[in-house]
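Step one of this worksheet: look at the structure below.
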Amino acid sequence: MTLNSLARKYEPRKVPETKVATSAMIASLAAEGYDTVAAPFGHALVDCARKDERIVGLSADLSKYTDLHIFAQAMPDRFYQMGMAEQVLISAAAGLAREGFIPFATTYAVFASRRAYDFIAMAIAEENLPAKIICALPGLTTGYGPSHQATEDLAIFRGLPNMTIIDPCDADDIADMVPQIAAHPGPVYARLLRGKVPSVLRRHKPDYRFQLGRAQMIRDGRDVLVISTGLMTMRALDAATALAGDKVDVGVLHVPTIKPLDVETIAAEAAKGGRLVVTAENHTVIGGLGEAVAGALLTRGIAPRFRMIGLPDEFLEAGALPTLHDMYGLSVNKVAERIRGWL
Amino acid sequence: MTTQAGRIPNLSLAQRAWNIRRKALLMGEVQGQGYIGQALGIADVLAAAYFHALDYRPEDPEWEGRDRFLLSIGHYAIALYAVLMEAGILPENELETYGMDDSRMPMSGMASYTPGMEITGGSLGQGLGIAVGMAMGLKRKRSPAFVYNLMSDGELGEGSTWEAAMSAVQHRLDNLICLVDFNDQQADGKSTAALATGDERAKWEAFGWHAQRVNGNDLPAVVAALDAARNAPDTQPRVIIFDTTMCKGVPFLEAREITHFVRVEPDEWGRALAVLEEGYPQ
């Protein structure tokens, strides 16, 4: 909290002429022009659990808001309501994993990364247990302010050995991710979009399929290479469409697995000469995809013109999500505008 | 209940506890340090647990049917190594590797180093929550095994302990037995001067647990409490608070004021062992 923002709370406000409501915390993410899929995580987990008896689900009073309620309704005897208690949510998941089960534990990304971190580090990651931590409200996906905005979760978990980290883009990524992380023998932290989740990637590339640990080109482009993750791949693809109208040819490399990073693919694409390389992530620019890519490229002697799109090193404002995405540069327009400015 | 390897001679629990104390002192002497006060204090509880209550196979520490024993307090590792050696799970000839490079017995207990060490403790307040998950898992598998979690009075100050305590009741984990070593010492002084300031048994009962409080250095009382915990007829999780005396069995150390990390001078290890020798139980 800065002195500046403290002073602001005593400034009276006027009712604006156009009213924009803060979206509900549980709102689905809007992506105009795309079809949506309801609760892709919940349905994928049910499918997966039907084939694998070891899968169980746990939530800390957020099953409805992480789409785990679909699983809880379909398989009530395999669901554990842990109450509003993230430390025992994670510890119990560790204990179940020790006994041979594959627990999927869900909460919000802020609570897993901040409140339960020591438990994830010591009870799960240090033991390399196959517990899956699936977290809604990643980065800036709510207007409720810093208490619910997990702007630094990727940075927190990137430092943790053994942890696989995934930031899926859309409903198809989420649905395809579930069986792959269930089969992965170690711990996984995955960000989650919930509710009505847009289906984006196959619209741009019909044969695209999520592959754990792999970065994949969704579209090629001669002028700019955007290396993006999570919902920013949606934004990058729409910005690329907009920029194509300006005769700017933008390629988009989607990197849903943040750790381990697919350095080979990233380096190979970035080394294709002459393109401006831009990373884009729904996360602070500190310690996320952008710095990971920069480090990977520099250590291989690859040094293209390089820019990063991400959230600033600040506690973010409350408000309506579209306003905030515009304010912090995550909207399609802002992404396109910044790329245009860098050319 | 107890499964013992044939090669382990038939000793009384008092003799087992004495052997545990002696091994712990020998390890302390190797490093010239260690949480010896806690090891001497908890030796009777460990003897009763491993030679009366727990079901396990020394030759197969991962045996699926075993009762799980979780050491939430990683710094008590010296005590658990002693009982694991006494039980034939760890070879006794590794005693002098304690705390050394490449040892299987690091100063703080870790699951990946030591046979018989179920979890990595040490970040306090984690064991009981893991025990909750393991007890859930055992119930899913319809296993009759128990999960024991040994924690300290200091861990009563961790909020996560009470999250786990509520959760164990919510999920009716009658296969979970929590053992609290109440020696009233933590890093900065008395536990009763920090957060363990109330009636601890009443707190657990208020949370819905089957709770007992006994003298943890009175072997018949410890055995009776473990039996009562295992055989309680209800669906509650069970806790036993053991009041113990730090450095029990070595009176000149018991008399030391600050005993969380008891300072033992190089020449005192031999003296402590000699004092212990005099009290070998018949």
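In the structure tokens, chains take letters A, B, ... by order of appearance, with residues numbered from 1 within each chain and ligands from 1 in the order shown.
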I'd like the neighbourhood of Ile89 in chain B as a VMD selection string, where a residue qualifies if any of its atoms comes within 12 Å (using only C-alpha atoms), though same-chain residues fewer than 3 positions away should be ignored. chain B and resid 4 to 5 7 to 8 50 56 to 63 80 to 86 92 to 94 114 to 117
Return the neighbours of chain A among the residues of chain B, cut-off 6 Å, counting only C-alpha atoms, as a list of chain:residue names.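 Therefore, the residues near the partner are B:Gly129, B:Ile130, B:Val132, B:Gly133, B:Met134, B:Gly137, B:Ser160, B:Glu163, B:Ala164.
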From a DSSP calculation on the backbone, collect every residue of range 3-248 of chain A in strand (DSSP E) and output the set as a PyMOL selection string.
chain A and resi 36-38+55-59+79-81+102-108+132-136+164-166+188-192+196-198+216-219+224-228
Suppose we keep C-alpha atoms; can you now write the selection as a short mmCIF file (atom, residue, chain, number, x, y, z; two decimals), in the first residue's frame?
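For reference, out36.cif as written:
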data_model
loop_
_atom_site.label_atom_id
_atom_site.label_comp_id
_atom_site.auth_asym_id
_atom_site.auth_seq_id
_atom_site.Cartn_x
_atom_site.Cartn_y
_atom_site.Cartn_z
CA THR A 36 -17.59 -22.22 -24.62
CA VAL A 37 -17.54 -25.52 -22.76
CA ALA A 38 -19.09 -25.84 -19.31
CA ILE A 55 -8.19 -40.79 -8.33
CA VAL A 56 -9.85 -38.89 -5.47
CA GLY A 57 -10.88 -35.25 -5.19
CA LEU A 58 -10.52 -32.80 -2.33
CA SER A 59 -11.48 -29.17 -1.98
CA PHE A 79 -14.75 -36.64 -2.83
CA TYR A 80 -13.47 -35.13 0.44
CA GLN A 81 -14.79 -31.80 1.62
CA ILE A 102 -3.91 -39.77 -6.93
CA PRO A 103 -5.47 -36.79 -5.19
CA PHE A 104 -6.75 -33.75 -7.08
CA ALA A 105 -6.91 -30.89 -4.57
CA THR A 106 -8.62 -27.66 -5.57
CA THR A 107 -8.75 -24.14 -4.20
CA TYR A 108 -7.95 -20.65 -5.46
CA LYS A 132 -2.32 -32.56 -8.29
CA ILE A 133 -3.09 -29.05 -7.11
CA ILE A 134 -5.65 -27.40 -9.38
CA CYS A 135 -6.31 -23.73 -8.79
CA ALA A 136 -8.89 -21.29 -10.07
CA THR A 164 5.35 -29.49 -12.85
CA ILE A 165 3.50 -26.23 -13.58
CA ILE A 166 0.75 -25.79 -16.16
CA VAL A 188 1.55 -30.87 -10.52
CA TYR A 189 0.34 -27.32 -10.01
CA ALA A 190 -2.19 -26.31 -12.66
CA ARG A 191 -3.98 -23.03 -13.12
CA LEU A 192 -7.64 -23.39 -13.94
CA LYS A 196 -17.99 -21.52 -19.21
CA VAL A 197 -14.52 -21.81 -20.65
CA PRO A 198 -13.83 -20.70 -24.22
CA GLN A 216 3.46 -25.82 -29.86
CA MET A 217 3.19 -23.27 -32.67
CA ILE A 218 -0.48 -22.34 -33.10
CA ARG A 219 0.14 -20.00 -36.02
CA VAL A 224 6.81 -11.23 -34.59
CA LEU A 225 6.97 -14.37 -32.43
CA VAL A 226 4.70 -14.23 -29.39
CA ILE A 227 5.61 -16.86 -26.79
CA SER A 228 2.57 -17.05 -24.57
#
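Ranking A:Ile309, A:Leu137, A:Ala182, A:Leu298 by their shortest atom-to-atom distance to Gly195 in chain A, with only C-alpha atoms included, puts A:Leu137 first.
Using only C-alpha atoms for every distance, the candidate list B:Leu13, B:Gly198, B:Gly249, B:Gly208 yields B:Leu13 as the residue closest to Ala48 in chain B.
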* Quick one: residues within 8 Å of Ala135 in chain B, only C-alpha atoms counted, chain neighbours fewer than 4 positions away excluded, as a list of chain:residue names? ->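 Using only C-alpha atoms, the neighbours found are A:Gly95, B:Ala131, B:Lys139, B:Phe146, B:Val147, B:Leu173, B:Asn175, B:Leu176.
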_Picked from range 50-211 of chain B by DSSP as alpha helix (DSSP H), as a PyMOL selection string_ = chain B and resi 77-86+127-140+159-170+200-206
Could you name the residues that touch Glu264 in chain A at 12 Å or less, counting only C-alpha atoms, but leaving out those on the same chain fewer than 3 positions away, as number ranges by chain? A: 213-216, 255, 260-261, 267-271, 293, 296-297, 300, 302
What would the file look like if the residues just selected were written as a compact mmCIF listing (two decimals), in the first residue's frame with C-alpha atoms?
# COMPACT_ATOMS: atom_id res chain seq x y z
CA GLY A 213 5.80 -30.52 -21.39
CA ARG A 214 5.45 -29.39 -25.01
CA ALA A 215 5.27 -25.92 -26.52
CA GLN A 216 3.46 -25.82 -29.86
CA VAL A 255 3.61 -22.76 -23.85
CA PRO A 260 9.66 -28.10 -17.17
CA LEU A 261 9.92 -25.56 -19.94
CA ALA A 267 14.98 -21.79 -28.61
CA ALA A 268 14.44 -23.18 -32.10
CA GLU A 269 11.59 -20.75 -32.82
CA ALA A 270 13.34 -17.74 -31.25
CA ALA A 271 16.47 -18.46 -33.28
CA VAL A 293 12.30 -17.70 -21.65
CA ALA A 296 16.77 -20.03 -21.52
CA LEU A 297 17.58 -18.02 -24.63
CA ARG A 300 22.02 -20.63 -25.40
CA ILE A 302 20.18 -16.56 -28.63
Which residues are near range 69-71 of chain B? Cut-off 7 Å, only C-alpha atoms, ignore same chain within fewer than 4 positions. Put them as a PyMOL selection string.
chain B and resi 118-119+121+127+147-151
Same residues, N, CA and C atoms, saved as a compact mmCIF listing (two decimals), in the first residue's frame:
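Saved to part11.txt:
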# COMPACT_ATOMS: atom_id res chain seq x y z
N GLU B 118 8.52 -42.48 7.97
CA GLU B 118 7.40 -42.41 7.02
C GLU B 118 7.31 -41.06 6.31
N ILE B 119 7.60 -39.98 7.04
CA ILE B 119 7.44 -38.65 6.45
C ILE B 119 8.66 -37.78 6.76
N GLY B 121 9.50 -34.71 8.58
CA GLY B 121 8.96 -33.78 9.57
C GLY B 121 9.82 -32.53 9.62
N GLY B 127 2.71 -33.02 10.42
CA GLY B 127 2.51 -34.46 10.56
C GLY B 127 1.05 -34.85 10.71
N VAL B 147 -2.75 -45.20 12.01
CA VAL B 147 -1.73 -44.18 11.79
C VAL B 147 -1.45 -43.51 13.14
N TYR B 148 -0.19 -43.54 13.56
CA TYR B 148 0.25 -42.83 14.76
C TYR B 148 1.02 -41.60 14.32
N ASN B 149 0.73 -40.47 14.94
CA ASN B 149 1.50 -39.26 14.65
C ASN B 149 2.09 -38.75 15.95
N LEU B 150 3.43 -38.72 16.02
CA LEU B 150 4.07 -38.19 17.22
C LEU B 150 4.41 -36.72 17.01
N MET B 151 3.83 -35.89 17.86
CA MET B 151 4.08 -34.45 17.74
C MET B 151 4.48 -33.89 19.10
